[in-house]
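Asker: Structure file structure.tsv, TSV, C-alpha atoms, is pasted below:
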chain	number	residue	atom	x	y	z
A	1	MET	CA	122.32	116.29	118.37
A	2	VAL	CA	123.22	113.25	116.26
A	3	THR	CA	120.83	110.33	116.66
A	4	GLN	CA	122.58	107.04	117.33
A	5	ARG	CA	120.95	104.23	115.37
A	6	THR	CA	121.74	100.68	116.50
A	7	PRO	CA	122.83	98.62	113.47
A	8	LEU	CA	120.48	95.78	112.53
A	9	ILE	CA	121.57	92.62	110.74
A	10	ALA	CA	118.44	90.78	109.59
A	11	GLY	CA	118.45	87.29	108.11
A	12	ASN	CA	115.60	86.56	105.69
A	13	TRP	CA	115.41	82.79	105.35
A	14	LYS	CA	112.78	82.94	102.58
A	15	MET	CA	111.19	79.50	101.98
A	16	ASN	CA	113.94	77.49	103.64
A	17	LEU	CA	114.24	75.38	106.83
A	18	ASP	CA	111.37	73.54	108.49
A	19	HIS	CA	110.61	74.06	112.18
A	20	LEU	CA	113.06	71.42	113.38
A	21	GLN	CA	115.84	72.81	111.23
A	22	ALA	CA	114.94	76.29	112.46
A	23	ILE	CA	115.37	75.24	116.09
A	24	ALA	CA	118.78	73.73	115.37
A	25	PHE	CA	119.89	76.77	113.39
A	26	VAL	CA	118.82	79.34	115.98
A	27	GLN	CA	120.50	77.34	118.76
A	28	LYS	CA	123.74	77.18	116.79
A	29	LEU	CA	123.52	80.86	115.86
A	30	SER	CA	123.08	81.86	119.48
A	31	TRP	CA	125.93	79.60	120.63
A	32	SER	CA	128.21	80.92	117.89
A	33	LEU	CA	127.51	84.56	118.76
A	34	THR	CA	128.05	83.80	122.46
A	35	ASP	CA	131.38	82.17	121.62
A	36	VAL	CA	132.58	85.37	119.94
A	37	ALA	CA	131.19	87.53	122.78
A	38	HIS	CA	128.79	89.37	120.50
A	39	ASP	CA	127.30	92.53	122.02
A	40	PHE	CA	123.65	92.68	120.96
A	41	GLU	CA	123.36	96.25	122.22
A	42	GLN	CA	125.96	97.28	119.66
A	43	VAL	CA	124.59	95.24	116.74
A	44	GLU	CA	121.04	93.86	116.83
A	45	VAL	CA	120.43	90.49	115.17
A	46	ALA	CA	117.07	89.25	113.90
A	47	VAL	CA	115.96	86.20	111.93
A	48	PHE	CA	112.93	85.93	109.66
A	49	PRO	CA	111.82	82.28	109.39
A	50	PRO	CA	108.85	80.92	107.42
A	51	PHE	CA	105.46	81.16	109.15
A	52	THR	CA	105.52	77.46	110.11
A	53	ASP	CA	108.72	77.98	112.10
A	54	LEU	CA	107.71	81.03	114.10
A	55	ARG	CA	106.19	79.29	117.12
A	56	SER	CA	109.22	77.02	117.47
A	57	VAL	CA	111.63	79.94	117.17
A	58	GLN	CA	109.58	82.02	119.62
A	59	THR	CA	109.51	79.21	122.18
A	60	LEU	CA	113.27	78.72	121.94
A	61	ILE	CA	114.15	82.41	122.15
A	62	SER	CA	111.73	83.02	125.01
A	63	GLY	CA	112.47	79.84	126.93
A	64	ASP	CA	116.26	80.15	126.72
A	65	LYS	CA	116.17	83.96	127.05
A	66	LEU	CA	118.19	84.41	123.86
A	67	GLU	CA	119.04	87.95	122.78
A	68	LEU	CA	118.10	87.30	119.17
A	69	ARG	CA	114.95	88.87	117.77
A	70	PHE	CA	112.67	87.39	115.14
A	71	GLY	CA	110.10	88.52	112.63
A	72	ALA	CA	107.74	87.29	109.95
A	73	GLN	CA	108.40	87.41	106.23
A	74	ASP	CA	105.01	88.97	105.50
A	75	LEU	CA	101.66	89.73	107.11
A	76	SER	CA	98.12	90.46	106.01
A	77	GLN	CA	96.73	93.95	105.72
A	78	HIS	CA	93.55	92.52	107.29
A	79	GLU	CA	93.03	92.03	111.01
A	80	SER	CA	90.85	88.90	110.71
A	81	GLY	CA	88.13	87.38	108.55
A	82	ALA	CA	87.62	85.29	105.43
A	83	TYR	CA	91.14	85.59	104.06
A	84	THR	CA	92.26	82.01	103.53
A	85	GLY	CA	95.98	81.49	103.81
A	86	GLU	CA	96.77	84.93	105.28
A	87	VAL	CA	98.34	85.66	108.66
A	88	SER	CA	97.31	88.75	110.62
A	89	GLY	CA	99.45	91.13	112.59
A	90	ALA	CA	97.42	90.25	115.67
A	91	PHE	CA	98.50	86.62	115.38
A	92	LEU	CA	102.13	87.59	114.93
A	93	SER	CA	101.98	90.02	117.84
A	94	SER	CA	100.63	87.31	120.13
A	95	LEU	CA	103.69	85.23	119.20
A	96	GLY	CA	106.01	88.05	120.19
A	97	SER	CA	107.14	88.76	116.64
A	98	HIS	CA	109.12	92.01	116.78
A	99	TYR	CA	109.32	92.60	113.02
A	100	ALA	CA	107.51	91.80	109.79
A	101	ILE	CA	108.90	92.25	106.29
A	102	VAL	CA	106.54	94.04	103.92
A	103	GLY	CA	106.96	94.66	100.21
A	104	HIS	CA	109.86	92.33	99.55
A	105	SER	CA	110.73	92.33	95.85
A	106	GLU	CA	109.66	88.69	95.56
A	107	ARG	CA	106.21	89.58	96.90
A	108	ARG	CA	106.00	92.38	94.35
A	109	GLN	CA	107.22	90.17	91.50
A	110	TYR	CA	105.35	86.93	92.20
A	111	HIS	CA	102.23	88.23	93.95
A	112	GLY	CA	101.76	91.59	92.28
A	113	GLU	CA	101.78	93.59	95.48
A	114	THR	CA	101.34	97.33	94.99
A	115	ASP	CA	102.72	100.17	97.07
A	116	ALA	CA	99.20	100.85	98.36
A	117	GLU	CA	98.89	97.25	99.60
A	118	ILE	CA	102.34	97.38	101.12
A	119	GLY	CA	101.43	100.61	102.90
A	120	ALA	CA	98.33	98.91	104.30
A	121	LYS	CA	100.46	95.99	105.51
A	122	ALA	CA	102.93	98.37	107.15
A	123	ALA	CA	100.05	100.12	108.91
A	124	ALA	CA	98.65	96.76	110.05
A	125	ALA	CA	102.03	95.87	111.52
A	126	VAL	CA	102.30	99.16	113.40
A	127	LYS	CA	98.73	98.78	114.70
A	128	ASN	CA	99.81	95.50	116.29
A	129	ASN	CA	103.07	96.84	117.76
A	130	ILE	CA	105.18	95.14	115.12
A	131	VAL	CA	107.95	97.04	113.36
A	132	PRO	CA	107.53	96.76	109.58
A	133	VAL	CA	110.68	96.27	107.53
A	134	ILE	CA	109.58	98.14	104.42
A	135	CYS	CA	111.38	96.95	101.29
A	136	VAL	CA	111.87	99.18	98.26
A	137	GLY	CA	114.09	98.78	95.22
A	138	GLU	CA	114.45	98.89	91.47
A	139	THR	CA	115.05	96.44	88.65
A	140	ALA	CA	117.85	96.80	86.15
A	141	GLU	CA	115.29	98.14	83.69
A	142	ASP	CA	114.08	100.72	86.24
A	143	LEU	CA	117.66	101.79	86.86
A	144	ALA	CA	118.38	102.24	83.17
A	145	GLU	CA	115.17	104.15	82.51
A	146	HIS	CA	114.85	106.30	85.62
A	147	GLY	CA	118.31	106.42	87.14
A	148	PRO	CA	119.30	105.67	90.75
A	149	SER	CA	116.83	106.28	93.59
A	150	ALA	CA	113.81	107.45	91.55
A	151	VAL	CA	111.84	104.19	91.73
A	152	PRO	CA	112.59	103.22	95.36
A	153	ALA	CA	111.97	106.80	96.47
A	154	GLY	CA	108.61	106.80	94.71
A	155	GLN	CA	107.68	103.46	96.27
A	156	LEU	CA	108.55	104.65	99.76
A	157	ARG	CA	106.80	107.98	99.31
A	158	GLU	CA	103.48	106.22	98.60
A	159	ILE	CA	103.91	103.64	101.36
A	160	LEU	CA	104.55	106.32	103.97
A	161	THR	CA	101.17	107.93	103.28
A	162	SER	CA	99.67	105.04	105.27
A	163	LEU	CA	101.78	105.80	108.36
A	164	THR	CA	102.06	108.50	111.01
A	165	PRO	CA	105.24	110.17	112.30
A	166	GLU	CA	105.04	108.14	115.54
A	167	ALA	CA	105.32	104.82	113.70
A	168	GLU	CA	108.54	102.91	114.25
A	169	ILE	CA	109.72	101.49	110.95
A	170	VAL	CA	112.79	100.03	109.28
A	171	VAL	CA	113.41	100.63	105.58
A	172	ALA	CA	115.35	98.17	103.44
A	173	TYR	CA	116.78	99.19	100.08
A	174	GLU	CA	117.08	96.09	97.94
A	175	PRO	CA	118.18	96.66	94.34
A	176	VAL	CA	116.44	93.81	92.54
A	177	TRP	CA	119.28	93.59	90.04
A	178	ALA	CA	121.67	92.68	92.88
A	179	ILE	CA	119.58	90.13	94.78
A	180	GLY	CA	121.00	86.64	94.40
A	181	SER	CA	123.29	87.80	91.60
A	182	GLY	CA	126.48	87.76	93.60
A	183	GLN	CA	127.02	91.31	92.35
A	184	ALA	CA	126.17	93.80	95.08
A	185	ALA	CA	125.71	97.51	94.56
A	186	THR	CA	128.80	99.50	95.41
A	187	PRO	CA	128.76	101.18	98.82
A	188	GLU	CA	128.63	104.53	97.03
A	189	GLN	CA	125.60	103.47	94.98
A	190	ALA	CA	123.79	102.16	98.04
A	191	GLU	CA	124.62	105.26	100.08
A	192	GLU	CA	123.29	107.56	97.37
A	193	VAL	CA	119.93	105.80	97.33
A	194	CYS	CA	119.71	105.41	101.12
A	195	GLY	CA	120.41	109.12	101.52
A	196	VAL	CA	117.51	109.93	99.22
A	197	LEU	CA	115.28	107.49	101.12
A	198	ARG	CA	116.09	109.30	104.36
A	199	GLU	CA	115.04	112.55	102.70
A	200	VAL	CA	111.76	110.91	101.68
A	201	ILE	CA	111.17	109.82	105.29
A	202	ALA	CA	111.80	113.40	106.42
A	203	GLU	CA	109.28	114.66	103.86
A	204	GLY	CA	106.65	112.11	104.83
A	205	LEU	CA	107.11	111.62	108.56
A	206	GLY	CA	109.33	114.50	109.69
A	207	ASP	CA	112.96	115.09	110.57
A	208	ASP	CA	112.86	113.21	113.88
A	209	ALA	CA	111.54	110.08	112.19
A	210	ALA	CA	114.15	110.38	109.46
A	211	ALA	CA	116.94	110.66	112.00
A	212	ALA	CA	115.68	107.68	114.01
A	213	THR	CA	114.74	105.28	111.20
A	214	ARG	CA	117.22	102.57	110.34
A	215	ILE	CA	117.83	101.99	106.63
A	216	LEU	CA	119.24	98.62	105.60
A	217	TYR	CA	120.93	97.52	102.41
A	218	GLY	CA	119.98	94.17	100.90
A	219	GLY	CA	121.38	92.51	97.80
A	220	SER	CA	124.22	89.96	97.71
A	221	VAL	CA	125.45	90.95	101.17
A	222	LYS	CA	128.48	88.92	102.28
A	223	SER	CA	131.05	89.01	105.05
A	224	ASP	CA	133.63	90.45	102.68
A	225	ASN	CA	131.50	93.47	101.69
A	226	ILE	CA	129.32	94.23	104.73
A	227	ALA	CA	131.85	96.48	106.47
A	228	SER	CA	132.19	98.71	103.41
A	229	PHE	CA	128.43	99.29	103.43
A	230	MET	CA	128.39	99.92	107.17
A	231	ARG	CA	130.93	102.72	106.82
A	232	GLU	CA	128.35	104.77	104.93
A	233	THR	CA	126.42	107.46	106.82
A	234	ASN	CA	122.90	106.41	105.84
A	235	ILE	CA	123.28	102.61	105.94
A	236	ASP	CA	122.36	101.15	109.32
A	237	GLY	CA	122.48	97.44	108.66
A	238	ALA	CA	121.66	94.73	106.15
A	239	LEU	CA	118.81	92.54	105.05
A	240	VAL	CA	120.66	89.33	104.28
A	241	GLY	CA	119.18	86.60	102.09
A	242	GLY	CA	121.07	83.48	101.08
A	243	ALA	CA	124.07	84.17	103.30
A	244	SER	CA	121.82	84.19	106.37
A	245	LEU	CA	121.36	80.42	105.92
A	246	GLN	CA	125.11	79.82	106.11
A	247	LEU	CA	125.81	79.86	109.83
A	248	GLU	CA	129.50	80.78	109.84
A	249	GLU	CA	129.06	83.36	107.09
A	250	PHE	CA	126.11	85.00	108.83
A	251	VAL	CA	128.05	85.19	112.09
A	252	ARG	CA	130.90	86.89	110.23
A	253	ILE	CA	128.44	89.37	108.76
A	254	VAL	CA	127.04	90.11	112.21
A	255	GLN	CA	130.59	90.57	113.49
A	256	PHE	CA	131.55	93.08	110.80
A	257	LYS	CA	133.12	95.41	113.36
A	258	LYS	CA	135.55	92.74	114.53
A	259	HIS	CA	136.59	90.96	111.39
A	260	VAL	CA	137.24	94.08	109.32
A	261	GLY	CA	136.77	97.10	111.54
A	262	VAL	CA	134.88	100.28	110.83
Go ahead and render the structure in this file as structure tokens.

Answerer:
Amino acid sequence: MVTQRTPLIAGNWKMNLDHLQAIAFVQKLSWSLTDVAHDFEQVEVAVFPPFTDLRSVQTLISGDKLELRFGAQDLSQHESGAYTGEVSGAFLSSLGSHYAIVGHSERRQYHGETDAEIGAKAAAAVKNNIVPVICVGETAEDLAEHGPSAVPAGQLREILTSLTPEAEIVVAYEPVWAIGSGQAATPEQAEEVCGVLREVIAEGLGDDAAAATRILYGGSVKSDNIASFMRETNIDGALVGGASLQLEEFVRIVQFKKHVGV
């Protein structure tokens, strides 16, 4: 039996928009998706605001019963304690955060996060009933030296050692050489890597987990290329960066089935 995976379009705002801007943006996003009769059961939509925005976004989504979901851009591997500046999964869970990104390439690059630390963060998310969005990817140098899929597969393989087959996860393949470059991977390139990542999930967590886990592509995703990625067998959505801050563009990305057709 073929497992049906609901596509997920996730908007990572990075360090953009304060809490007032976040409220305005989420309101407009919800209105815009309502105007085009978006079916959230067919394509799930989630936003990932900065930590300072989360309470405002949660209050709006909960109070107005919006169908959008939200998540954090990171979380601590620690539950509580003397960890100044960190935010625990328990805190995020109490806010109703459905997701948390772990291992984003910018966290690896600027904060030196290792696969072991990312695995611990993913486990902390799962412990608190938060779905980790586990990011893996390679630099241009990695690609030239090791070829496609070797580095992200190795990253994911180590991260999964911290998880059990029952854990619900999302995996995001983000080729670092494509992020913010305007030059996305080709659908064929992305599919090749995502197919290998699904095999790694099967090895680490079993066939059922591999069949159920959504794998996203992230790296210069736009409305004019999203549908081509979504046609691929192993790509179940997108982790969108800069374009997620452009309201009309993000709505077009979410509506990939309508504006291009797959």

Asker: Choose the residue, out of A:Ala190, A:Leu163, A:Leu92, A:Ala212, that has the smallest atom-to-atom separation from Glu232 of chain A; count all atoms listed in the file.

Answerer: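 Using all atoms listed in the file, the shortest distance to Glu232 of chain A belongs to A:Ala190.
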
Asker: Using all atoms listed in the file, find each residue in segment 173-258 of chain A having at least one atom no more than 8 Å away from segment 140-148 of chain A; report its shortest atom-to-atom pair and that distance in Å (one decimal), rows by chain then rising number, as CSV.

Answerer:
residue,atom,partner,partner_atom,distance
A:Val176,CA,A:Ala140,CA,7.2
A:Trp177,CA,A:Ala140,CA,5.2
A:Gln189,CA,A:Pro148,CA,7.9
A:Glu192,CA,A:Pro148,CA,8.0
A:Val193,CA,A:Pro148,CA,6.6

Asker: Just the number, please: distance in Å from atom CA of Gly195 of chain A to atom CA of Val221 of chain A, one decimal.

Answerer: 18.9 Å

Asker: Go through segment 150-203 of chain A and flag each residue having an atom no more than 12 Å from segment 10-17 of chain A; for those, report the closest pair of atoms plus their distance in Å to one decimal, using all atoms listed in the file, ordered by chain and rising number, as a tab-separated table.

Answerer:
residue	atom	partner	partner_atom	distance
A:Val170	CA	A:Ala10	CA	10.8
A:Val171	CA	A:Ala10	CA	11.8
A:Ala172	CA	A:Ala10	CA	10.1

Asker: Could those residues be written to a file, using C-alpha atoms, as a JSON list (two decimals), in the frame of the given file?

Answerer:
[["chain", "number", "residue", "atom", "x", "y", "z"],
["A", 170, "VAL", "CA", 112.79, 100.03, 109.28],
["A", 171, "VAL", "CA", 113.41, 100.63, 105.58],
["A", 172, "ALA", "CA", 115.35, 98.17, 103.44]]

Asker: Which one is closest to Ile159 of chain A: A:Val133, A:Ile179, A:Val126, A:Ala116? Count all atoms listed in the file.

Answerer: A:Ala116

Asker: Within 12 Å of Leu239 of chain A, counting only C-alpha atoms, which residues show up once you throw out same-chain ones fewer than 5 positions away? Write them as a PyMOL selection string, please.

Answerer: chain A and resi 7-14+45-48+73+101+104+133-136+170-175+179+214-222+226+229+244+250+253-254

Asker: Using all atoms listed in the file, pick whichever of A:Glu249, A:Glu158, A:Glu117, A:Glu199 has the shortest atom-to-atom distance to His78 of chain A.

Answerer: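 Going through A:Glu249, A:Glu158, A:Glu117, A:Glu199 one by one, the smallest distance to His78 of chain A is for A:Glu117.
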
Asker: Mind rebuilding segment 175-192 of chain A with N, CA and C atoms and writing that out as a CSV table (one decimal), in the frame of the given file?

Answerer:
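So result-v3.csv came out as:
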chain,number,residue,atom,x,y,z
A,175,PRO,N,118.2,96.6,95.8
A,175,PRO,CA,118.2,96.7,94.3
A,175,PRO,C,117.9,95.3,93.8
A,176,VAL,N,116.8,95.1,93.0
A,176,VAL,CA,116.4,93.8,92.5
A,176,VAL,C,117.5,93.2,91.7
A,177,TRP,N,118.2,94.1,91.0
A,177,TRP,CA,119.3,93.6,90.0
A,177,TRP,C,120.5,93.0,90.8
A,178,ALA,N,120.6,93.2,92.1
A,178,ALA,CA,121.7,92.7,92.9
A,178,ALA,C,121.3,91.4,93.7
A,179,ILE,N,120.0,91.2,93.9
A,179,ILE,CA,119.6,90.1,94.8
A,179,ILE,C,119.9,88.8,94.1
A,180,GLY,N,120.7,88.0,94.9
A,180,GLY,CA,121.0,86.6,94.4
A,180,GLY,C,121.9,86.6,93.2
A,181,SER,N,122.4,87.8,92.8
A,181,SER,CA,123.3,87.8,91.6
A,181,SER,C,124.8,87.6,91.9
A,182,GLY,N,125.1,87.8,93.2
A,182,GLY,CA,126.5,87.8,93.6
A,182,GLY,C,127.2,89.1,93.3
A,183,GLN,N,126.5,90.0,92.7
A,183,GLN,CA,127.0,91.3,92.4
A,183,GLN,C,126.3,92.4,93.1
A,184,ALA,N,126.8,92.8,94.3
A,184,ALA,CA,126.2,93.8,95.1
A,184,ALA,C,126.4,95.2,94.5
A,185,ALA,N,125.5,96.1,94.9
A,185,ALA,CA,125.7,97.5,94.6
A,185,ALA,C,127.0,97.9,95.2
A,186,THR,N,127.6,99.0,94.7
A,186,THR,CA,128.8,99.5,95.4
A,186,THR,C,128.3,100.3,96.6
A,187,PRO,N,129.2,100.4,97.6
A,187,PRO,CA,128.8,101.2,98.8
A,187,PRO,C,128.3,102.6,98.4
A,188,GLU,N,129.0,103.2,97.5
A,188,GLU,CA,128.6,104.5,97.0
A,188,GLU,C,127.2,104.6,96.4
A,189,GLN,N,126.9,103.6,95.6
A,189,GLN,CA,125.6,103.5,95.0
A,189,GLN,C,124.5,103.3,96.0
A,190,ALA,N,124.8,102.4,97.0
A,190,ALA,CA,123.8,102.2,98.0
A,190,ALA,C,123.6,103.4,98.9
A,191,GLU,N,124.7,104.1,99.2
A,191,GLU,CA,124.6,105.3,100.1
A,191,GLU,C,123.8,106.4,99.4
A,192,GLU,N,124.0,106.5,98.1
A,192,GLU,CA,123.3,107.6,97.4
A,192,GLU,C,121.8,107.3,97.5
